[in-house]
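Chemist: The structure file model15.txt (compact mmCIF, C-alpha atoms) is provided below.
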# COMPACT_ATOMS: atom_id res chain seq x y z
CA MET A 1 0.00 0.00 0.00
CA GLY A 2 2.82 2.35 0.92
CA GLN A 3 4.64 1.68 -2.36
CA ALA A 4 1.47 2.35 -4.37
CA ARG A 5 1.04 5.64 -2.50
CA ASP A 6 4.64 6.59 -3.29
CA VAL A 7 4.07 5.96 -7.01
CA GLU A 8 0.87 8.01 -6.89
CA THR A 9 2.68 10.85 -5.11
CA ASP A 10 5.51 10.76 -7.68
CA GLU A 11 2.95 11.00 -10.48
CA GLU A 12 1.22 13.93 -8.75
CA LEU A 13 4.56 15.70 -8.41
CA GLU A 14 5.29 15.23 -12.12
CA GLN A 15 1.84 16.55 -13.00
CA LEU A 16 2.48 19.64 -10.86
CA LEU A 17 5.87 20.17 -12.54
CA GLY A 18 4.18 19.87 -15.94
CA PHE A 19 1.69 22.53 -14.87
CA LEU A 20 4.53 24.86 -13.77
CA ARG A 21 6.24 24.36 -17.14
CA ASP A 22 3.08 25.03 -19.16
CA ALA A 23 1.79 27.91 -17.03
CA ARG A 24 5.00 29.79 -16.33
CA GLY A 25 7.71 28.34 -18.58
CA PHE A 26 9.79 26.93 -15.71
CA ASP A 27 11.06 23.50 -16.74
CA PHE A 28 12.39 21.61 -13.73
CA THR A 29 12.98 18.37 -15.66
CA GLY A 30 16.68 18.21 -14.82
CA TYR A 31 16.35 19.07 -11.12
CA LYS A 32 16.96 16.38 -8.51
CA ARG A 33 13.56 15.04 -7.54
CA SER A 34 14.41 14.48 -3.87
CA SER A 35 15.36 18.10 -3.16
CA LEU A 36 12.70 19.48 -5.53
CA GLY A 37 9.90 17.52 -3.85
CA ARG A 38 11.19 18.50 -0.42
CA ARG A 39 11.13 22.21 -1.26
CA ILE A 40 7.67 22.07 -2.81
CA ARG A 41 6.31 20.21 0.23
CA LYS A 42 7.85 22.85 2.48
CA ARG A 43 5.95 25.55 0.63
CA MET A 44 2.78 23.42 0.75
CA ALA A 45 3.18 23.11 4.52
CA ASP A 46 3.64 26.88 4.83
CA VAL A 47 0.21 27.41 3.24
CA GLU A 48 -1.33 24.38 4.99
CA THR A 49 -1.99 22.37 1.83
CA ASP A 50 -1.76 18.57 1.98
CA SER A 51 -1.85 17.33 -1.62
CA TYR A 52 -0.13 18.35 -4.86
CA ALA A 53 -3.55 18.59 -6.55
CA ASP A 54 -4.84 21.03 -3.92
CA TYR A 55 -1.65 23.02 -4.19
CA ARG A 56 -2.06 23.26 -7.97
CA ASP A 57 -5.56 24.66 -7.37
CA ARG A 58 -4.03 27.26 -5.10
CA LEU A 59 -1.46 28.24 -7.75
CA GLU A 60 -4.23 28.65 -10.33
CA THR A 61 -6.13 31.09 -8.11
CA ASN A 62 -3.24 32.95 -6.45
CA ALA A 63 -0.60 34.50 -8.73
CA ASP A 64 1.58 35.57 -5.78
CA GLU A 65 1.97 31.94 -4.76
CA PHE A 66 4.01 31.26 -7.91
CA ASN A 67 6.66 33.76 -6.77
CA ALA A 68 6.72 32.32 -3.27
CA LEU A 69 7.14 28.79 -4.65
CA PHE A 70 9.90 29.75 -7.11
CA ASN A 71 11.78 31.59 -4.36
CA THR A 72 11.58 28.41 -2.24
CA ILE A 73 12.73 26.15 -5.09
CA LEU A 74 15.50 28.33 -6.49
CA ILE A 75 16.98 29.44 -3.13
CA ASN A 76 18.70 32.65 -4.17
CA VAL A 77 21.59 32.57 -1.71
CA THR A 78 24.38 34.90 -2.75
CA SER A 79 26.65 37.67 -1.49
CA PHE A 80 29.46 39.91 -2.66
CA PHE A 81 32.67 37.89 -3.06
CA ARG A 82 31.05 34.80 -1.58
CA ASP A 83 33.83 32.44 -0.42
CA PRO A 84 36.67 35.03 -0.35
CA ASP A 85 39.49 32.46 -0.70
CA ALA A 86 38.14 31.34 -4.08
CA TRP A 87 37.84 34.94 -5.26
CA THR A 88 41.39 35.62 -4.10
CA PHE A 89 42.59 32.69 -6.24
CA LEU A 90 40.62 34.02 -9.19
CA GLN A 91 42.08 37.51 -8.78
CA ARG A 92 45.69 36.43 -8.20
CA GLU A 93 46.03 33.42 -10.49
CA VAL A 94 43.34 33.55 -13.18
CA VAL A 95 42.80 37.23 -14.01
CA PRO A 96 46.49 38.07 -14.70
CA GLU A 97 46.75 35.11 -17.10
CA LEU A 98 43.45 36.01 -18.75
CA LEU A 99 44.59 39.59 -19.30
CA ALA A 100 47.99 38.46 -20.60
CA ASP A 101 46.33 36.09 -23.10
CA THR A 102 43.88 38.70 -24.43
CA PRO A 103 45.16 41.30 -26.93
CA ALA A 104 44.83 44.84 -25.62
CA ASP A 105 42.34 45.78 -28.34
CA GLU A 106 40.00 42.83 -27.73
CA GLU A 107 36.91 42.67 -25.55
CA ILE A 108 36.93 40.51 -22.42
CA ARG A 109 33.72 38.48 -22.22
CA VAL A 110 32.45 37.12 -18.91
CA TRP A 111 29.30 35.18 -18.03
CA SER A 112 27.79 34.94 -14.55
CA ALA A 113 25.33 32.05 -14.96
CA GLY A 114 22.78 31.84 -12.14
CA CYS A 115 23.51 35.41 -11.04
CA SER A 116 20.52 35.66 -8.68
CA SER A 117 20.21 39.24 -7.34
CA GLY A 118 23.43 40.43 -8.96
CA GLU A 119 26.06 40.37 -6.24
CA GLU A 120 28.26 37.91 -8.16
CA ALA A 121 28.08 39.90 -11.41
CA TYR A 122 28.97 43.15 -9.67
CA SER A 123 31.78 41.38 -7.78
CA LEU A 124 33.21 40.45 -11.18
CA ALA A 125 32.94 44.07 -12.35
CA ILE A 126 34.78 45.24 -9.23
CA MET A 127 37.46 42.58 -9.64
CA PHE A 128 38.25 43.56 -13.23
CA ALA A 129 38.12 47.29 -12.44
CA GLU A 130 40.62 46.72 -9.64
CA ALA A 131 42.89 44.64 -11.87
CA MET A 132 42.76 46.85 -14.98
CA GLY A 133 41.67 50.24 -13.74
CA VAL A 134 38.11 51.51 -14.07
CA GLU A 135 38.59 53.21 -17.45
CA GLU A 136 40.05 50.15 -19.18
CA ALA A 137 37.39 47.93 -17.63
CA LEU A 138 34.71 50.27 -19.00
CA ASN A 139 36.23 50.01 -22.46
CA ARG A 140 36.96 46.31 -22.60
CA VAL A 141 34.97 44.20 -20.12
CA LYS A 142 31.46 42.95 -20.85
CA ILE A 143 29.69 40.85 -18.23
CA TYR A 144 26.59 38.82 -19.09
CA ALA A 145 24.55 37.94 -16.00
CA THR A 146 21.68 35.48 -16.32
CA ASP A 147 19.15 33.65 -14.19
CA VAL A 148 15.76 31.96 -14.57
CA ASP A 149 14.24 34.05 -11.77
CA GLU A 150 12.75 37.29 -13.15
CA GLU A 151 12.18 38.71 -9.66
CA ALA A 152 15.86 38.25 -8.76
CA LEU A 153 16.86 39.81 -12.09
CA ARG A 154 14.76 42.90 -11.35
CA ASP A 155 16.65 43.33 -8.09
CA ALA A 156 19.96 42.79 -9.89
CA ARG A 157 19.23 45.39 -12.57
CA SER A 158 18.47 48.02 -9.92
CA GLY A 159 21.99 47.71 -8.47
CA LEU A 160 20.62 48.71 -5.05
CA TYR A 161 21.83 46.97 -1.90
CA THR A 162 21.54 47.37 1.85
CA ALA A 163 24.46 48.27 4.07
CA LYS A 164 24.37 44.72 5.42
CA ALA A 165 24.75 43.29 1.91
CA LEU A 166 27.93 45.36 1.48
CA GLU A 167 29.57 44.11 4.68
CA PRO A 168 31.87 41.69 2.79
CA LEU A 169 33.51 44.72 1.12
CA SER A 170 36.22 46.85 2.67
CA PRO A 171 35.17 50.46 3.30
CA GLU A 172 37.51 51.52 0.51
CA LEU A 173 35.90 49.27 -2.08
CA ARG A 174 32.44 50.19 -0.91
CA ASP A 175 33.18 53.92 -1.23
CA THR A 176 34.72 53.46 -4.69
CA TYR A 177 31.98 51.33 -6.24
CA PHE A 178 28.79 52.35 -4.41
CA GLU A 179 26.94 55.58 -3.77
CA GLN A 180 24.52 55.95 -0.89
CA ASN A 181 20.91 56.37 -2.00
CA GLY A 182 18.69 56.86 1.03
CA THR A 183 19.02 53.79 3.24
CA ARG A 184 20.58 51.73 0.45
CA PHE A 185 23.64 51.84 -1.80
CA ASN A 186 23.72 52.02 -5.60
CA PHE A 187 26.41 50.28 -7.65
CA ARG A 188 28.23 52.89 -9.75
CA THR A 189 26.34 53.67 -12.93
CA ASP A 190 29.19 53.55 -15.43
CA LEU A 191 30.25 50.02 -14.49
CA ARG A 192 26.65 48.87 -14.17
CA ARG A 193 26.19 49.59 -17.87
CA ARG A 194 28.85 46.96 -18.60
CA VAL A 195 26.70 44.27 -16.94
CA ILE A 196 23.92 42.88 -19.16
CA PHE A 197 21.19 41.01 -17.31
CA GLY A 198 18.77 38.58 -18.89
CA ARG A 199 16.61 35.52 -18.27
CA HIS A 200 18.35 32.33 -19.36
CA ASP A 201 17.85 28.66 -18.51
CA ILE A 202 21.21 26.87 -18.51
CA THR A 203 19.49 23.52 -19.13
CA ARG A 204 17.67 24.63 -22.29
CA ASP A 205 18.89 27.88 -23.83
CA ALA A 206 21.86 28.34 -26.12
CA PRO A 207 24.92 29.50 -24.20
CA ILE A 208 26.62 32.84 -24.63
CA SER A 209 29.73 32.22 -26.74
CA ARG A 210 33.43 33.16 -27.04
CA LEU A 211 33.78 33.61 -23.30
CA ASP A 212 37.03 34.31 -21.49
CA LEU A 213 35.57 33.50 -18.06
CA LEU A 214 32.41 31.60 -17.11
CA VAL A 215 31.28 31.71 -13.47
CA CYS A 216 28.55 29.34 -12.30
CA ARG A 217 28.74 28.78 -8.57
CA ASN A 218 26.46 26.56 -6.49
CA ALA A 219 23.87 26.08 -9.22
CA LEU A 220 24.88 22.73 -10.75
CA MET A 221 24.36 20.90 -7.46
CA TYR A 222 20.58 21.27 -7.82
CA PHE A 223 20.53 19.22 -11.04
CA ASN A 224 20.69 15.50 -11.66
CA VAL A 225 23.75 13.88 -13.26
CA GLU A 226 22.37 13.92 -16.81
CA ALA A 227 21.39 17.58 -16.61
CA GLN A 228 24.80 18.45 -15.17
CA ARG A 229 26.49 16.69 -18.08
CA GLN A 230 24.43 18.63 -20.61
CA ILE A 231 25.14 21.93 -18.84
CA ILE A 232 28.89 21.26 -18.82
CA ASP A 233 28.66 20.46 -22.56
CA ARG A 234 27.12 23.89 -23.07
CA PHE A 235 29.75 25.56 -20.92
CA HIS A 236 32.53 23.85 -22.88
CA PHE A 237 31.01 25.14 -26.11
CA ALA A 238 30.63 28.65 -24.61
CA LEU A 239 34.28 29.05 -23.60
CA ARG A 240 37.00 30.00 -26.03
CA GLU A 241 40.12 27.83 -26.01
CA ARG A 242 41.99 28.38 -22.74
CA GLY A 243 38.96 30.17 -21.30
CA PHE A 244 38.33 29.75 -17.58
CA LEU A 245 35.48 28.03 -15.71
CA PHE A 246 34.82 28.87 -12.06
CA LEU A 247 32.41 26.62 -10.11
CA GLY A 248 31.14 26.52 -6.54
CA LYS A 249 32.59 24.54 -3.65
CA ALA A 250 29.79 21.95 -3.78
CA GLU A 251 30.48 21.11 -7.44
CA MET A 252 33.03 19.01 -9.28
CA LEU A 253 34.18 18.29 -12.82
CA LEU A 254 34.63 14.54 -12.90
CA ASN A 255 35.98 12.46 -15.80
CA ASP A 256 36.44 15.54 -17.94
CA ALA A 257 40.25 15.84 -18.01
CA GLU A 258 40.30 15.76 -21.83
CA ARG A 259 38.30 18.97 -22.05
CA PHE A 260 39.25 20.88 -18.89
CA GLU A 261 42.56 21.39 -17.12
CA VAL A 262 42.38 21.67 -13.33
CA LEU A 263 43.90 24.92 -12.09
CA SER A 264 42.75 24.43 -8.51
CA MET A 265 40.41 21.65 -7.45
CA ARG A 266 40.17 23.24 -4.00
CA GLN A 267 38.91 26.50 -5.50
CA ARG A 268 37.00 24.79 -8.36
CA ALA A 269 38.90 26.67 -11.08
CA PHE A 270 39.36 25.04 -14.50
CA ARG A 271 40.65 25.97 -17.96
CA ARG A 272 39.21 24.77 -21.26
CA ARG A 273 41.71 22.72 -23.23
CA PRO A 274 42.19 23.32 -26.98
CA GLY A 275 39.85 21.37 -29.23
CA GLU A 276 36.65 21.77 -31.16
CA ALA A 277 33.28 21.71 -29.46
CA GLY A 278 30.15 21.13 -31.50
CA PRO A 279 26.93 22.47 -29.97
CA PRO A 280 25.08 19.67 -28.14
CA TYR A 281 21.71 21.44 -28.58
CA HIS A 282 19.59 23.29 -31.11
CA PRO A 283 20.56 26.92 -30.49
CA THR A 284 17.91 29.48 -29.56
CA PRO A 285 19.00 33.02 -28.79
CA ALA A 286 19.22 34.02 -25.15
CA LYS A 287 17.02 37.01 -24.28
CA ILE A 288 19.26 39.55 -22.61
CA ARG A 289 19.15 43.27 -22.08
CA GLY A 290 21.36 45.84 -20.42
CA GLY A 291 21.24 46.59 -16.74
CA GLY A 292 21.82 49.25 -15.85
CA ALA A 293 46.72 45.78 -8.43
CA PRO A 294 43.81 45.54 -5.94
CA ARG A 295 43.58 48.24 -3.38
CA SER A 296 42.39 45.96 -0.60
CA TRP A 297 42.20 42.29 -1.49
CA PRO A 298 40.65 39.94 -0.63
CA PRO A 299 37.53 41.97 0.24
CA ARG A 300 37.50 41.80 4.01
CA PRO A 301 34.32 41.73 6.06
CA ALA A 302 33.60 44.61 8.36
CA ALA A 303 33.85 43.89 12.07
CA GLY A 304 31.12 41.56 13.24
CA SER A 305 30.04 40.35 9.80
CA CYS A 306 30.09 36.74 8.65
CA ALA A 307 30.75 36.64 4.93
CA THR A 308 30.57 33.19 3.38
Could you write out this structure as structure tokens?

Modeler:
Amino acid sequence: MGQARDVETDEELEQLLGFLRDARGFDFTGYKRSSLGRRIRKRMADVETDSYADYRDRLETNADEFNALFNTILINVTSFFRDPDAWTFLQREVVPELLADTPADEEIRVWSAGCSSGEEAYSLAIMFAEAMGVEEALNRVKIYATDVDEEALRDARSGLYTAKALEPLSPELRDTYFEQNGTRFNFRTDLRRRVIFGRHDITRDAPISRLDLLVCRNALMYFNVEAQRQIIDRFHFALRERGFLFLGKAEMLLNDAERFEVLSMRQRAFRRRPGEAGPPYHPTPAKIRGGGAPRSWPPRPAAGSCAT
């Protein structure tokens, strides 16, 4: 009886996921079912709903519940220079080599995949401005920042953050790259124009191409093995030869030594090896639109903060 109920529950979950795909365009096919089901049930418990069918009825009659559910599923956890040791490695070991390998008259192309509310993308802008100088960064660096969560992207485009969100930055970096606007702080306008935000699903949409650096941290771990493989195929296609891939601490590149050289397994930094990469998908254009020697490195938290 219990096994039959489990099968029925699994089918109800798949029906709910199909409804989310058809109603809102969110395709969770590649997500791990155990964690996905757990997060949906958490949201169901929050609104005191017992069955997937009843919860679907609630979604059909309450548009705000979609946003609450997606926020629960997607878990937009981010911060400026999250995991400072990894960013220090990127700044000291990867960026100098990237700049040395790129002719002075060529654009530097960076992708922050799964950018959430923008802290990672703006951290990249700060890092390159510190390494190259603001003026050269304005002329040469283009950062594409994408996510599936439109609400998070709206926050990212605004470039507005609380004082608490800026605690991982030193006062010097904060004063250089942010301007106080009431009770919040605005990322500097000129650099913000070099960050292009857009909705993009890394499991389905064609990747941005000819990248020098691709940053996707703590997003792959939510997907099953097959989806992860397909995403890494896309990332390999997106990077130019000797381009750099920067993953999160919870993620690994396994059995991929022919395509990626390990720069630091501890910091999850890899470099694409030479070799052709045919697109493992039918390309569809990503919908993107504009968003609006380090002085103190790594960015150090202010007293009492707990940057992660």

Chemist: Tell me, in Å to one decimal, how far CA of Gly118 in chain A is from CA of Arg92 in chain A.

Modeler: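 Distance reported for this atom pair: 22.6 Å.
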
Chemist: Can you measure CA of Arg266 in chain A to CA of Leu253 in chain A for me? One decimal in Å is fine.

Modeler: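 Answer for the CA of Arg266 in chain A to CA of Leu253 in chain A separation: 11.8 Å.
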
Chemist: Rank nothing, just name the residue among A:Glu107, A:Arg33, A:Arg268, A:Phe70 nearest to Arg21 in chain A, using all atoms listed in the file.

Modeler: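 The answer is A:Phe70, which sits nearest to Arg21 in chain A.
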
Chemist: Hey, which of A:Ala86, A:Val148, A:Ala219, A:Leu124 ends up closest to Arg24 in chain A? Count only C-alpha atoms.

Modeler: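 Checking each of A:Ala86, A:Val148, A:Ala219, A:Leu124 against Arg24 in chain A, counting only C-alpha atoms, the winner is A:Val148.
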
Chemist: Let me have the centre and edge lengths in Å, one decimal, of the box along x, y and z around every listed atom of range 137-147 of chain A with 5 Å of margin on each side, as AutoDock Vina command-line options.

Modeler:
--center_x 28.3 --center_y 42.0 --center_z -18.4 --size_x 28.2 --size_y 26.6 --size_z 18.4

Chemist: Calculated over only C-alpha atoms, which of the candidates A:Lys249, A:Arg154, A:Arg204, A:Arg192 has the smallest distance to Cys216 in chain A?

Modeler: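 Closest to Cys216 in chain A, using only C-alpha atoms: A:Lys249.
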
Chemist: So, with all atoms listed in the file as the atoms that count, which of A:Ile202, A:Ala68, A:Val94, A:Leu166 lies closest to Glu151 in chain A?

Modeler: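 Between A:Ile202, A:Ala68, A:Val94, A:Leu166, the residue approaching Glu151 in chain A most closely is A:Ala68.
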
Chemist: Identify the residues around (34.2, 35.4, -3.8) within a radius of 10 Å, measuring from all atoms listed in the file in the coordinates stated by the file, and give them as a list in words.

Modeler: Thr78, Ser79, Phe80, Phe81, Arg82, Asp83, Pro84, Asp85, Ala86, Trp87, Thr88, Phe89, Leu90, Gln91, Glu119, Glu120, Ser123, Leu124, Met127, Pro168, Arg217, Gly248, Pro298, Pro299, Ala307 and Thr308 of chain A
